2 protein chains.
Amino acid sequence: MLISELGGELALIDRLRRPSRNPKVLVGIGDDAAVVMYGEELLAVTTDLLVEGDHFSLEYFSPRQVGWKAMESNISDLAAVGAEPRYALVGLTLRSDSSVELVEGIYEGIYASADRCGVEVIGGDTTHGEVLVLAVTLFGEVGREDLLLRSSARPGDRIFVSGPLGGSAAGLALLKAKVEGFEGVKRKHLEPTARIELSRSLRGRVHAMEDVSDGLASEVRNICLASGCGAVIFADRVPVDPEVREVGEILDSDPLDWALFGGEDFELVYTVPEGVDVPGYEVGRMTEGEGVYLEDKEGRKLLTEWGYDHFRP
Amino acid sequence: MLISELGGELALIDRLRRPSRNPKVLVGIGDDAAVVMYGEELLAVTTDLLVEGDHFSLEYFSPRQVGWKAMESNISDLAAVGAEPRYALVGLTLRSDSSVELVEGIYEGIYASADRCGVEVIGGDTTHGEVLVLAVTLFGEVGREDLLLRSSARPGDRIFVSGPLGGSAAGLALLKAKVEGFEGVKRKHLEPTARIELSRSLRGRVHAMEDVSDGLASEVRNICLASGCGAVIFADRVPVDPEVREVGEILDSDPLDWALFGGEDFELVYTVPEGVDVPGYEVGRMTEGEGVYLEDKEGRKLLTEWGYDHFRP
């Protein structure tokens with residue numbers, strides 16, 4: 001049976017997952033990062049694979065940008081659970097004809113991101129492979145009272161996002177279509193920046209949190225499923241940069257689709273109890289029941305698309 | 001510049017590495033696993049990439065064996081520093097035509113090895129790629145007094161290995177040459193078992209330790225470089241299974257070469273002070289000075305080959 005016949009990535013992971021009976025595992029497979037008790041402390045860990053041809057192309061990514069993005073996507077995962085990133089392991093497969101300059105460029109990006117966030121690269125594995133793969137694993141500290149899970153949303157919470165969405169998907173569309181200009185939008189795809197400072201400032205003030213790696217619709221759906229709630233997203237409140245709207249017109253695409261289903265913006269989405277003041281854009285509300293609805297001038301419709309899935313049927 | 005022109009894998013890693021000034025990093029890039037202080041505890045971490053076509057072929061590996069070997073090679077890295085494996089993250093890239101059965105088989109092997117060693121799989125990343133890559137990251141606990149580094153050998157230490165060597169390389173040679181039979185030797189390559197129980201029993205009794213992932217010569221060289229010593233290996237004491245000798249005759253290969261340079265046996269090599277009784281095979285001695293010498297009936301010669309390097313000039 002092909003993975004697409006099973007129903008795609010999430011169905012596959014559901015099938016492989018084994019429930020944990022270990023009380024030291026606070027968060028296992030399923031959230032942005034796993035969290036375990038380690039001695040008296042909590043340890044948050046996450047890993048992301050970037051595959052050439054799937055997650056990046058060296059036709060438009062510089063090696064430095066590849067390294068940077070691999071780190072920032074992991075930092076974003078830790079930011080999403082309220083953790084402070086500390087240490088990284090870097091796995092790298094290189095082709096026989098890979099140049100030293102390519103590897104040095106990748107590491108330059110890794111170190112630049114690591115320095116930005118106070119992370120130390122402590123090990124890894126460099127080996128051969130016919131496709132360039134960058135596998136970063138990141139460890140961080142998280143205080144027990146700071147831990148932010150996707151399962152902690154409650155009906156009535158307001159849903160916020162930390163910044164404009166859809167920029168990364170618009171940037172990728174520009175790069176694929178070889179459109180000149182719009183360097184700022186392209187940079188959203190090539191050099192995303194994880195919202196680690198914002199994550200620090202939100203600790204203790206929000207209920208549930210995720211990072212926008214797969215599009216707003218998918219992230220809100222994850223929060224709903226984990227928290228046993230529903231949600232409504234207000235279409236006209238989803239923040240989209242004017243430049244991204246312009247790109248939408250040029251490429252005949254709907255920028256709202258990029259925001260909802262595009263992914264890789266690495267902004268944060270968080271649910272906030274009434275009366276708590278937080279920075280960001282209020283885009284929706286958690287509700288009783290289930291399902292994620294999009295509300296626009298024509299009314300409410302149930303969202304059934306969940307962003308990009310490599311193995312979608 | 002190509003990596004081969006720089007001098008191969010080790011030269012590349014030396015060029016990329018940044019020295020750590022963080023006192024919490026007890027072991028950084030270079031040993032089998034990295035070790036950091038985490039709260040009041042020590043945390044040992046390691047990661048290994050297995051790439052289809054480079055590290056395994058599905059022509060002779062079952063999916064279960066791929067998953068098993070990925071876990072055991074990481075467990076071996078933690079065993080080598082005296083750590084107790086606890087948690088794993090599993091990164092996996094799959095082709096579009098990968099079957100659910102393939103992934104289930106890989107996970108069956110991962111879980112079997114995890115259960116054997118008391119490891120829990122707590123997260124990971126599953127994504128698409130044109131080559132199957134399995135990236136396992138393993139975390140473990142290590143007591144301050146149990147930490148076994150490659151830098152702790154002293155001149156006069158006896159060098160031990162935990163079991164017969166060369167079996168994995170002989171097995172691979174049999175599989176590549178499509179020779180029937182010798183299932184036990186082939187299994188050394190397909191289903192290696194990390195020496196975690198032995199590692200537990202050696203804690204506190206040995207000076208330096210490594211696992212044999214790149215061949216005995218390379219491991220002893222690493223210990224020498226890190227400890228500022230030399231070493232001599234006695235050719236006639238290197239343990240090689242009778243079946244492996246037989247394979248050597250059939251394939252017209254020297255089994256001692258497999259033992260010294262073949263790798264992936266995942267036995268342990270450890271240096272032991274005089275007067276301490278340990279299990280295993282005594283194969284050599286640490287010396288003053290530098291260089292690794294092989295002593296046989298014809299005398300001592302300096303070893304200058306160090307096992308397999310994907311990017312060797």
# chains A, B, ... in the order shown; residues from 1 in each chain; ligands from 1
call {"tool": "closest_atom_pairs", "arguments": {"of": "region 262-309 of chain A", "to": "region 200-223 of chain A", "cutoff": "7 Å", "atoms": "only C-alpha atoms", "output": "tab-separated table"}}
result
residue	atom	partner	partner_atom	distance
A:Gly262	CA	A:Gly215	CA	5.0
A:Gly263	CA	A:Gly215	CA	3.8
A:Glu264	CA	A:Ser213	CA	4.3
A:Asp265	CA	A:Val212	CA	5.8
A:Phe266	CA	A:Val212	CA	4.9
A:Glu267	CA	A:Val212	CA	5.3
A:Leu268	CA	A:Asp211	CA	4.3
A:Val269	CA	A:Glu210	CA	5.4
A:Tyr270	CA	A:Met209	CA	4.3
A:Thr271	CA	A:Ala208	CA	5.3
A:Val272	CA	A:Val206	CA	4.8
A:Pro273	CA	A:Val206	CA	6.8
A:Val276	CA	A:Arg205	CA	7.0
A:Val292	CA	A:Arg221	CA	6.2
A:Trp306	CA	A:Ser218	CA	4.7
A:Gly307	CA	A:Gly215	CA	5.8
A:Tyr308	CA	A:Asp214	CA	6.6
call {"tool": "calpha_fit_and_write", "arguments": {"fixed": "chain A", "moving": "chain B", "output": "short mmCIF file (atom, residue, chain, number, x, y, z; two decimals) with C-alpha atoms, in the first residue's frame"}}
result
data_model
loop_
_atom_site.label_atom_id
_atom_site.label_comp_id
_atom_site.auth_asym_id
_atom_site.auth_seq_id
_atom_site.Cartn_x
_atom_site.Cartn_y
_atom_site.Cartn_z
CA MET B 1 0.03 -0.06 -0.02
CA LEU B 2 1.33 3.40 -0.92
CA ILE B 3 1.43 6.10 1.75
CA SER B 4 -0.95 8.16 -0.38
CA GLU B 5 -3.48 5.29 -0.29
CA LEU B 6 -3.29 5.24 3.51
CA GLY B 7 -4.18 8.94 3.57
CA GLY B 8 -0.84 10.79 3.67
CA GLU B 9 1.72 11.81 6.24
CA LEU B 10 -0.49 12.22 9.31
CA ALA B 11 -2.24 8.89 8.78
CA LEU B 12 1.15 7.24 8.48
CA ILE B 13 2.47 8.78 11.68
CA ASP B 14 -0.71 7.82 13.53
CA ARG B 15 -0.19 4.24 12.42
CA LEU B 16 3.45 4.11 13.56
CA ARG B 17 3.13 5.90 16.87
CA ARG B 18 3.20 3.88 20.08
CA PRO B 19 1.58 5.35 23.18
CA SER B 20 3.99 6.16 25.99
CA ARG B 21 3.44 4.85 29.48
CA ASN B 22 6.51 6.63 30.79
CA PRO B 23 5.52 9.43 33.21
CA LYS B 24 8.78 11.22 32.39
CA VAL B 25 7.59 11.80 28.82
CA LEU B 26 5.47 14.94 29.12
CA VAL B 27 5.05 15.45 25.39
CA GLY B 28 5.72 12.66 22.91
CA ILE B 29 5.25 12.32 19.16
CA GLY B 30 2.73 14.85 17.87
CA ASP B 31 3.58 18.30 19.19
CA ASP B 32 6.17 20.67 17.70
CA ALA B 33 8.78 19.34 20.08
CA ALA B 34 8.96 16.42 22.50
CA VAL B 35 9.40 17.23 26.18
CA VAL B 36 10.80 14.87 28.81
CA MET B 37 11.81 15.17 32.43
CA TYR B 38 15.57 15.01 32.75
CA GLY B 39 16.74 14.97 36.32
CA GLU B 40 14.94 17.90 37.91
CA GLU B 41 14.66 19.78 34.61
CA LEU B 42 12.53 19.57 31.50
CA LEU B 43 14.25 18.89 28.21
CA ALA B 44 12.61 19.87 24.90
CA VAL B 45 13.90 18.24 21.72
CA THR B 46 13.02 18.53 18.06
CA THR B 47 14.42 17.44 14.72
CA ASP B 48 13.79 18.59 11.14
CA LEU B 49 15.05 17.25 7.84
CA LEU B 50 15.69 19.58 4.90
CA VAL B 51 16.00 17.67 1.64
CA GLU B 52 17.42 19.20 -1.54
CA GLY B 53 14.80 19.28 -4.25
CA ASP B 54 11.97 18.98 -1.73
CA HIS B 55 12.62 21.66 0.86
CA PHE B 56 15.13 23.78 -0.96
CA SER B 57 16.85 24.16 -4.31
CA LEU B 58 20.41 25.35 -4.65
CA GLU B 59 19.21 27.14 -7.78
CA TYR B 60 17.86 29.90 -5.57
CA PHE B 61 19.05 29.13 -2.04
CA SER B 62 22.58 30.11 -1.13
CA PRO B 63 24.33 27.45 1.01
CA ARG B 64 24.27 29.91 3.91
CA GLN B 65 20.48 30.23 3.58
CA VAL B 66 20.07 26.44 3.67
CA GLY B 67 21.99 26.23 6.94
CA TRP B 68 20.19 29.23 8.39
CA LYS B 69 16.73 27.91 7.51
CA ALA B 70 17.45 24.42 8.90
CA MET B 71 18.38 25.97 12.23
CA GLU B 72 15.56 28.51 12.33
CA SER B 73 12.88 25.91 11.56
CA ASN B 74 14.05 23.91 14.57
CA ILE B 75 14.33 27.00 16.75
CA SER B 76 10.76 27.80 15.74
CA ASP B 77 9.64 24.35 16.98
CA LEU B 78 11.21 25.00 20.38
CA ALA B 79 9.83 28.55 20.50
CA ALA B 80 6.40 27.01 19.92
CA VAL B 81 6.54 25.02 23.16
CA GLY B 82 8.05 27.90 25.17
CA ALA B 83 11.54 26.40 25.31
CA GLU B 84 14.92 28.10 25.23
CA PRO B 85 17.16 26.53 22.54
CA ARG B 86 20.61 25.49 23.82
CA TYR B 87 22.38 22.79 21.80
CA ALA B 88 22.28 21.45 18.24
CA LEU B 89 23.44 18.33 16.42
CA VAL B 90 23.95 18.66 12.66
CA GLY B 91 23.55 15.67 10.34
CA LEU B 92 24.58 16.26 6.74
CA THR B 93 24.70 14.04 3.66
CA LEU B 94 26.88 15.32 0.84
CA ARG B 95 27.38 14.20 -2.73
CA SER B 96 30.85 13.11 -3.86
CA ASP B 97 31.09 16.27 -5.96
CA SER B 98 30.04 18.59 -3.12
CA SER B 99 32.46 21.46 -2.72
CA VAL B 100 34.08 22.51 0.51
CA GLU B 101 32.64 25.97 -0.15
CA LEU B 102 29.10 24.52 -0.17
CA VAL B 103 29.61 22.89 3.23
CA GLU B 104 31.32 25.97 4.64
CA GLY B 105 28.42 28.10 3.43
CA ILE B 106 25.87 25.80 5.08
CA TYR B 107 27.81 25.92 8.35
CA GLU B 108 28.13 29.71 8.11
CA GLY B 109 24.33 29.87 8.10
CA ILE B 110 24.05 27.33 10.91
CA TYR B 111 26.50 29.28 13.09
CA ALA B 112 24.88 32.65 12.31
CA SER B 113 21.49 31.36 13.44
CA ALA B 114 23.06 29.57 16.42
CA ASP B 115 24.78 32.78 17.53
CA ARG B 116 21.55 34.74 17.14
CA CYS B 117 19.71 32.39 19.50
CA GLY B 118 22.43 31.34 21.95
CA VAL B 119 22.72 27.81 20.57
CA GLU B 120 25.89 25.74 20.54
CA VAL B 121 26.56 23.09 17.89
CA ILE B 122 27.96 20.15 19.86
CA GLY B 123 28.06 17.30 17.37
CA GLY B 124 26.61 15.59 14.37
CA ASP B 125 27.29 13.25 11.51
CA THR B 126 28.67 14.05 8.06
CA THR B 127 28.31 11.38 5.45
CA HIS B 128 27.76 10.65 1.78
CA GLY B 129 24.44 10.52 -0.08
CA GLU B 130 23.23 11.20 -3.59
CA VAL B 131 20.88 13.90 -2.28
CA LEU B 132 21.90 16.72 0.03
CA VAL B 133 20.04 16.30 3.34
CA LEU B 134 20.45 18.51 6.37
CA ALA B 135 19.12 17.00 9.60
CA VAL B 136 19.25 19.36 12.56
CA THR B 137 18.33 18.25 16.05
CA LEU B 138 17.87 20.93 18.67
CA PHE B 139 17.67 20.65 22.47
CA GLY B 140 16.35 23.30 24.78
CA GLU B 141 15.36 24.06 28.33
CA VAL B 142 11.80 24.76 29.30
CA GLY B 143 10.43 25.75 32.68
CA ARG B 144 7.54 23.68 33.96
CA GLU B 145 5.32 26.74 34.16
CA ASP B 146 6.41 27.98 30.71
CA LEU B 147 5.58 24.82 28.74
CA LEU B 148 3.13 25.71 25.97
CA LEU B 149 1.30 22.82 24.34
CA ARG B 150 -1.14 22.62 21.48
CA SER B 151 -3.55 20.83 23.81
CA SER B 152 -4.14 23.72 26.21
CA ALA B 153 -6.58 25.85 24.21
CA ARG B 154 -10.06 26.46 25.61
CA PRO B 155 -13.32 27.51 23.97
CA GLY B 156 -13.53 31.31 24.04
CA ASP B 157 -9.76 31.83 23.65
CA ARG B 158 -8.86 34.40 21.02
CA ILE B 159 -6.50 33.11 18.32
CA PHE B 160 -3.50 35.32 17.53
CA VAL B 161 -0.73 35.13 14.99
CA SER B 162 2.55 36.92 15.54
CA GLY B 163 2.97 38.44 12.07
CA PRO B 164 1.89 38.52 8.44
CA LEU B 165 1.42 35.13 6.81
CA GLY B 166 1.78 33.75 3.29
CA GLY B 167 5.09 35.46 2.61
CA SER B 168 7.10 32.26 2.42
CA ALA B 169 4.68 30.59 -0.01
CA ALA B 170 4.54 33.77 -2.12
CA GLY B 171 8.32 33.93 -2.13
CA LEU B 172 8.58 30.32 -3.24
CA ALA B 173 6.04 30.94 -5.99
CA LEU B 174 8.12 33.93 -7.20
CA LEU B 175 11.33 31.89 -7.18
CA LYS B 176 9.73 28.99 -9.04
CA ALA B 177 8.21 31.31 -11.63
CA LYS B 178 11.58 33.13 -11.94
CA VAL B 179 9.95 36.54 -11.40
CA GLU B 180 12.47 39.37 -10.90
CA GLY B 181 12.29 41.66 -7.88
CA PHE B 182 10.23 41.32 -4.66
CA GLU B 183 13.44 40.48 -2.80
CA GLY B 184 11.75 41.06 0.57
CA VAL B 185 9.04 38.48 -0.18
CA LYS B 186 11.58 35.98 -1.49
CA ARG B 187 13.61 36.44 1.67
CA LYS B 188 10.58 35.30 3.69
CA HIS B 189 11.10 31.92 2.06
CA LEU B 190 14.89 31.89 1.89
CA GLU B 191 15.74 33.38 5.29
CA PRO B 192 12.87 32.96 7.73
CA THR B 193 13.44 34.08 11.30
CA ALA B 194 11.97 32.12 14.19
CA ARG B 195 10.04 34.20 16.72
CA ILE B 196 12.10 33.20 19.72
CA GLU B 197 12.04 36.63 21.43
CA LEU B 198 8.25 36.78 21.13
CA SER B 199 7.97 33.24 22.51
CA ARG B 200 9.96 34.34 25.56
CA SER B 201 7.64 37.30 26.12
CA LEU B 202 4.48 35.17 25.78
CA ARG B 203 5.42 32.58 28.39
CA GLY B 204 2.76 32.34 31.07
CA ARG B 205 0.30 34.56 29.18
CA VAL B 206 -1.16 32.27 26.51
CA HIS B 207 -2.91 28.89 26.56
CA ALA B 208 -1.88 26.91 23.46
CA MET B 209 0.87 27.68 20.97
CA GLU B 210 2.26 26.37 17.66
CA ASP B 211 4.55 27.68 15.01
CA VAL B 212 3.25 28.17 11.48
CA SER B 213 5.25 25.57 9.61
CA ASP B 214 2.38 24.06 7.60
CA GLY B 215 -0.02 27.00 7.18
CA LEU B 216 -2.46 28.64 9.59
CA ALA B 217 -5.32 26.23 8.80
CA SER B 218 -3.24 23.18 9.63
CA GLU B 219 -1.85 24.70 12.85
CA VAL B 220 -5.27 25.75 14.13
CA ARG B 221 -6.59 22.31 13.25
CA ASN B 222 -3.78 20.71 15.31
CA ILE B 223 -4.69 22.89 18.29
CA CYS B 224 -8.38 21.98 17.88
CA LEU B 225 -7.70 18.24 17.67
CA ALA B 226 -5.33 18.28 20.65
CA SER B 227 -7.53 20.54 22.78
CA GLY B 228 -10.90 19.02 21.89
CA CYS B 229 -12.24 22.32 20.56
CA GLY B 230 -13.39 23.89 17.34
CA ALA B 231 -12.28 27.21 15.88
CA VAL B 232 -13.32 29.96 13.55
CA ILE B 233 -10.84 32.02 11.55
CA PHE B 234 -11.97 35.44 10.30
CA ALA B 235 -10.73 35.70 6.71
CA ASP B 236 -10.47 39.50 6.68
CA ARG B 237 -8.33 39.54 9.82
CA VAL B 238 -5.59 37.21 8.58
CA PRO B 239 -2.60 39.52 8.19
CA VAL B 240 -1.06 39.52 4.73
CA ASP B 241 1.66 41.96 3.62
CA PRO B 242 0.69 44.41 0.81
CA GLU B 243 3.64 43.13 -1.23
CA VAL B 244 2.34 39.58 -0.92
CA ARG B 245 -1.07 40.74 -2.20
CA GLU B 246 0.72 42.31 -5.14
CA VAL B 247 2.52 39.03 -5.85
CA GLY B 248 -0.85 37.28 -5.68
CA GLU B 249 -2.17 39.55 -8.43
CA ILE B 250 0.89 39.02 -10.62
CA LEU B 251 0.82 35.24 -10.22
CA ASP B 252 -2.99 35.02 -10.27
CA SER B 253 -3.06 33.38 -6.84
CA ASP B 254 -5.11 34.07 -3.72
CA PRO B 255 -2.81 35.38 -0.96
CA LEU B 256 -5.27 34.06 1.64
CA ASP B 257 -4.58 30.54 0.34
CA TRP B 258 -0.88 31.11 0.88
CA ALA B 259 -1.56 32.28 4.44
CA LEU B 260 -3.90 29.41 5.28
CA PHE B 261 -2.22 26.54 3.47
CA GLY B 262 1.25 27.70 2.43
CA GLY B 263 3.39 27.14 5.47
CA GLU B 264 6.98 27.87 6.46
CA ASP B 265 6.21 31.37 7.70
CA PHE B 266 7.54 30.36 11.14
CA GLU B 267 5.32 32.90 12.84
CA LEU B 268 3.65 31.78 16.07
CA VAL B 269 -0.06 31.10 16.50
CA TYR B 270 -1.35 31.21 20.08
CA THR B 271 -4.65 31.12 21.89
CA VAL B 272 -5.18 33.77 24.50
CA PRO B 273 -7.70 33.91 27.35
CA GLU B 274 -10.07 36.90 27.53
CA GLY B 275 -8.62 39.90 29.29
CA VAL B 276 -4.97 39.09 28.62
CA ASP B 277 -3.16 41.64 26.50
CA VAL B 278 -0.64 40.24 23.99
CA PRO B 279 1.09 41.53 20.87
CA GLY B 280 0.09 40.13 17.48
CA TYR B 281 -2.91 39.90 15.17
CA GLU B 282 -6.22 38.50 16.42
CA VAL B 283 -7.45 36.21 13.65
CA GLY B 284 -10.06 34.00 15.22
CA ARG B 285 -11.58 32.32 18.21
CA MET B 286 -11.63 28.87 19.76
CA THR B 287 -15.12 27.41 20.04
CA GLU B 288 -16.98 24.49 21.57
CA GLY B 289 -17.45 21.52 19.28
CA GLU B 290 -15.07 20.58 16.52
CA GLY B 291 -13.88 21.62 13.07
CA VAL B 292 -12.09 24.72 11.81
CA TYR B 293 -14.35 27.22 10.05
CA LEU B 294 -13.36 30.12 7.84
CA GLU B 295 -15.71 33.12 8.12
CA ASP B 296 -15.90 35.68 5.34
CA LYS B 297 -18.55 37.94 3.84
CA GLU B 298 -20.39 34.93 2.45
CA GLY B 299 -20.63 33.17 5.81
CA ARG B 300 -18.83 30.30 7.51
CA LYS B 301 -17.45 27.30 5.70
CA LEU B 302 -15.72 24.24 7.11
CA LEU B 303 -12.05 24.02 6.17
CA THR B 304 -11.15 20.60 4.82
CA GLU B 305 -7.76 21.32 3.27
CA TRP B 306 -4.81 21.35 5.57
CA GLY B 307 -1.80 22.61 3.77
CA TYR B 308 0.93 20.77 2.03
CA ASP B 309 1.34 17.00 2.51
CA HIS B 310 4.08 15.25 0.55
CA PHE B 311 2.09 12.03 0.48
CA ARG B 312 -1.41 13.39 0.09
CA PRO B 313 -3.74 11.02 -1.78
#
call {"tool": "select_by_dssp", "arguments": {"residues": "region 24-216 of chain A", "states": "strand (DSSP E or B)", "output": "ChimeraX atom specification"}}
result
/A:25-27,29,31,34-38,41-52,56,84-94,99,120-128,133-142,158-161,209-211
call {"tool": "select_by_dssp", "arguments": {"residues": "region 129-206 of chain B", "states": "alpha helix (DSSP H)", "output": "PyMOL selection string"}}
result
chain B and resi 167-176+183-190+196-202
call {"tool": "write_last_selection", "arguments": {"atoms": "C-alpha atoms", "output": "tab-separated table (two decimals), in the first residue's frame"}}
result
chain	number	residue	atom	x	y	z
B	167	GLY	CA	32.40	-9.81	10.51
B	168	SER	CA	30.40	-6.86	9.24
B	169	ALA	CA	32.82	-6.11	6.40
B	170	ALA	CA	32.95	-9.81	5.48
B	171	GLY	CA	29.17	-9.96	5.52
B	172	LEU	CA	28.92	-6.94	3.26
B	173	ALA	CA	31.46	-8.46	0.88
B	174	LEU	CA	29.38	-11.68	0.75
B	175	LEU	CA	26.17	-9.74	0.08
B	176	LYS	CA	27.78	-7.64	-2.65
B	183	GLU	CA	24.05	-16.35	7.10
B	184	GLY	CA	25.74	-15.77	10.47
B	185	VAL	CA	28.44	-13.59	8.89
B	186	LYS	CA	25.91	-11.67	6.81
B	187	ARG	CA	23.88	-11.04	9.94
B	188	LYS	CA	26.91	-9.28	11.46
B	189	HIS	CA	26.39	-6.65	8.78
B	190	LEU	CA	22.60	-6.68	8.61
B	196	ILE	CA	25.37	-1.90	25.84
B	197	GLU	CA	25.43	-4.55	28.60
B	198	LEU	CA	29.22	-4.79	28.38
B	199	SER	CA	29.50	-1.00	28.48
B	200	ARG	CA	27.50	-1.00	31.73
B	201	SER	CA	29.82	-3.60	33.25
B	202	LEU	CA	32.99	-1.71	32.22
call {"tool": "decode", "arguments": {"residues": "region 26-41 of chain B", "atoms": "N, CA and C atoms", "output": "PDB file, in the first residue's frame"}}
result
ATOM      1  N   LEU B  26      30.905  19.283  28.090  1.00  0.00           N
ATOM      2  CA  LEU B  26      32.021  18.456  28.535  1.00  0.00           C
ATOM      3  C   LEU B  26      32.694  17.768  27.362  1.00  0.00           C
ATOM      4  N   VAL B  27      31.905  17.344  26.393  1.00  0.00           N
ATOM      5  CA  VAL B  27      32.439  16.721  25.187  1.00  0.00           C
ATOM      6  C   VAL B  27      31.695  17.301  24.002  1.00  0.00           C
ATOM      7  N   GLY B  28      32.424  17.924  23.085  1.00  0.00           N
ATOM      8  CA  GLY B  28      31.783  18.507  21.912  1.00  0.00           C
ATOM      9  C   GLY B  28      32.038  17.645  20.692  1.00  0.00           C
ATOM     10  N   ILE B  29      32.054  18.283  19.528  1.00  0.00           N
ATOM     11  CA  ILE B  29      32.254  17.564  18.274  1.00  0.00           C
ATOM     12  C   ILE B  29      33.562  16.769  18.341  1.00  0.00           C
ATOM     13  N   GLY B  30      33.522  15.512  17.986  1.00  0.00           N
ATOM     14  CA  GLY B  30      34.771  14.744  17.911  1.00  0.00           C
ATOM     15  C   GLY B  30      34.699  13.385  18.566  1.00  0.00           C
ATOM     16  N   ASP B  31      34.007  13.259  19.685  1.00  0.00           N
ATOM     17  CA  ASP B  31      33.911  11.943  20.323  1.00  0.00           C
ATOM     18  C   ASP B  31      32.711  11.199  19.736  1.00  0.00           C
ATOM     19  N   ASP B  32      32.461   9.982  20.233  1.00  0.00           N
ATOM     20  CA  ASP B  32      31.327   9.210  19.711  1.00  0.00           C
ATOM     21  C   ASP B  32      30.011   9.925  19.975  1.00  0.00           C
ATOM     22  N   ALA B  33      29.911  10.527  21.138  1.00  0.00           N
ATOM     23  CA  ALA B  33      28.710  11.270  21.502  1.00  0.00           C
ATOM     24  C   ALA B  33      29.142  12.584  22.134  1.00  0.00           C
ATOM     25  N   ALA B  34      28.276  13.584  22.086  1.00  0.00           N
ATOM     26  CA  ALA B  34      28.530  14.832  22.795  1.00  0.00           C
ATOM     27  C   ALA B  34      27.940  14.707  24.200  1.00  0.00           C
ATOM     28  N   VAL B  35      28.563  15.383  25.157  1.00  0.00           N
ATOM     29  CA  VAL B  35      28.086  15.316  26.533  1.00  0.00           C
ATOM     30  C   VAL B  35      28.025  16.735  27.097  1.00  0.00           C
ATOM     31  N   VAL B  36      26.856  17.097  27.613  1.00  0.00           N
ATOM     32  CA  VAL B  36      26.692  18.424  28.204  1.00  0.00           C
ATOM     33  C   VAL B  36      26.100  18.290  29.602  1.00  0.00           C
ATOM     34  N   MET B  37      26.343  19.309  30.429  1.00  0.00           N
ATOM     35  CA  MET B  37      25.675  19.363  31.720  1.00  0.00           C
ATOM     36  C   MET B  37      24.264  19.856  31.488  1.00  0.00           C
ATOM     37  N   TYR B  38      23.303  19.190  32.097  1.00  0.00           N
ATOM     38  CA  TYR B  38      21.917  19.624  31.956  1.00  0.00           C
ATOM     39  C   TYR B  38      21.309  19.618  33.340  1.00  0.00           C
ATOM     40  N   GLY B  39      21.124  20.791  33.898  1.00  0.00           N
ATOM     41  CA  GLY B  39      20.743  20.875  35.304  1.00  0.00           C
ATOM     42  C   GLY B  39      21.868  20.259  36.116  1.00  0.00           C
ATOM     43  N   GLU B  40      21.524  19.318  36.978  1.00  0.00           N
ATOM     44  CA  GLU B  40      22.538  18.648  37.792  1.00  0.00           C
ATOM     45  C   GLU B  40      23.064  17.382  37.129  1.00  0.00           C
ATOM     46  N   GLU B  41      22.492  17.041  35.965  1.00  0.00           N
ATOM     47  CA  GLU B  41      22.816  15.762  35.317  1.00  0.00           C
ATOM     48  C   GLU B  41      23.703  15.976  34.096  1.00  0.00           C
TER      49      GLU B  41
END
